[in-house]
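Undergrad: The structure under discussion is supplied below as structure tokens; questions concerning it will follow.
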Amino acid sequence: MMTQPPISCEEVIEQLFEYLDKELDDDTNAVIDRHLRHCHDCFSRAEFEKKLRARIAEVGRAKASDRLRQRIEGLIERF
Ligand SMILES: [Zn+2]
């Protein structure tokens with residue numbers, strides 16, 4: 001196995017969104033994975049972003065179901 005060059009915190013943060021979206025190639029992904037296991041700062045940052053995204057996704061779903069409910073209520077009113 002090839003030894004990957006170390007990656008700086010700046011590089012990790014720069015690619016954090018792609019990393020969380022799983023848009024990176026396997027090699028880059030592995031390098032960031034390894035950095036996060038050893039770097040508490042970047043790990044906390046990644047965890048924070050992950051939670052933030054989960055929260056945003058939740059809010060998005062709640063809004064979608066709100067709209068869906070309104071549409072269903074609208075349909076019911078027509079009968
Ligand atoms: Zn770091």
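In the structure tokens, chains take letters A, B, ... by order of appearance, with residues numbered from 1 within each chain and ligands from 1 in the order shown.
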For ligand 1, list the contacting residues at 12 Å or closer, counting only C-alpha atoms and all ligand atoms, as an NGL selection string.
TA: :A and (6-16 or 31-46)
Undergrad: Just the residues within 12 Å of region 50-57 of chain A, please, counting only C-alpha atoms, with nothing from its chain fewer than 6 positions along; format it as a PyMOL selection string.
TA: chain A and resi 16-21+43-44+63-64
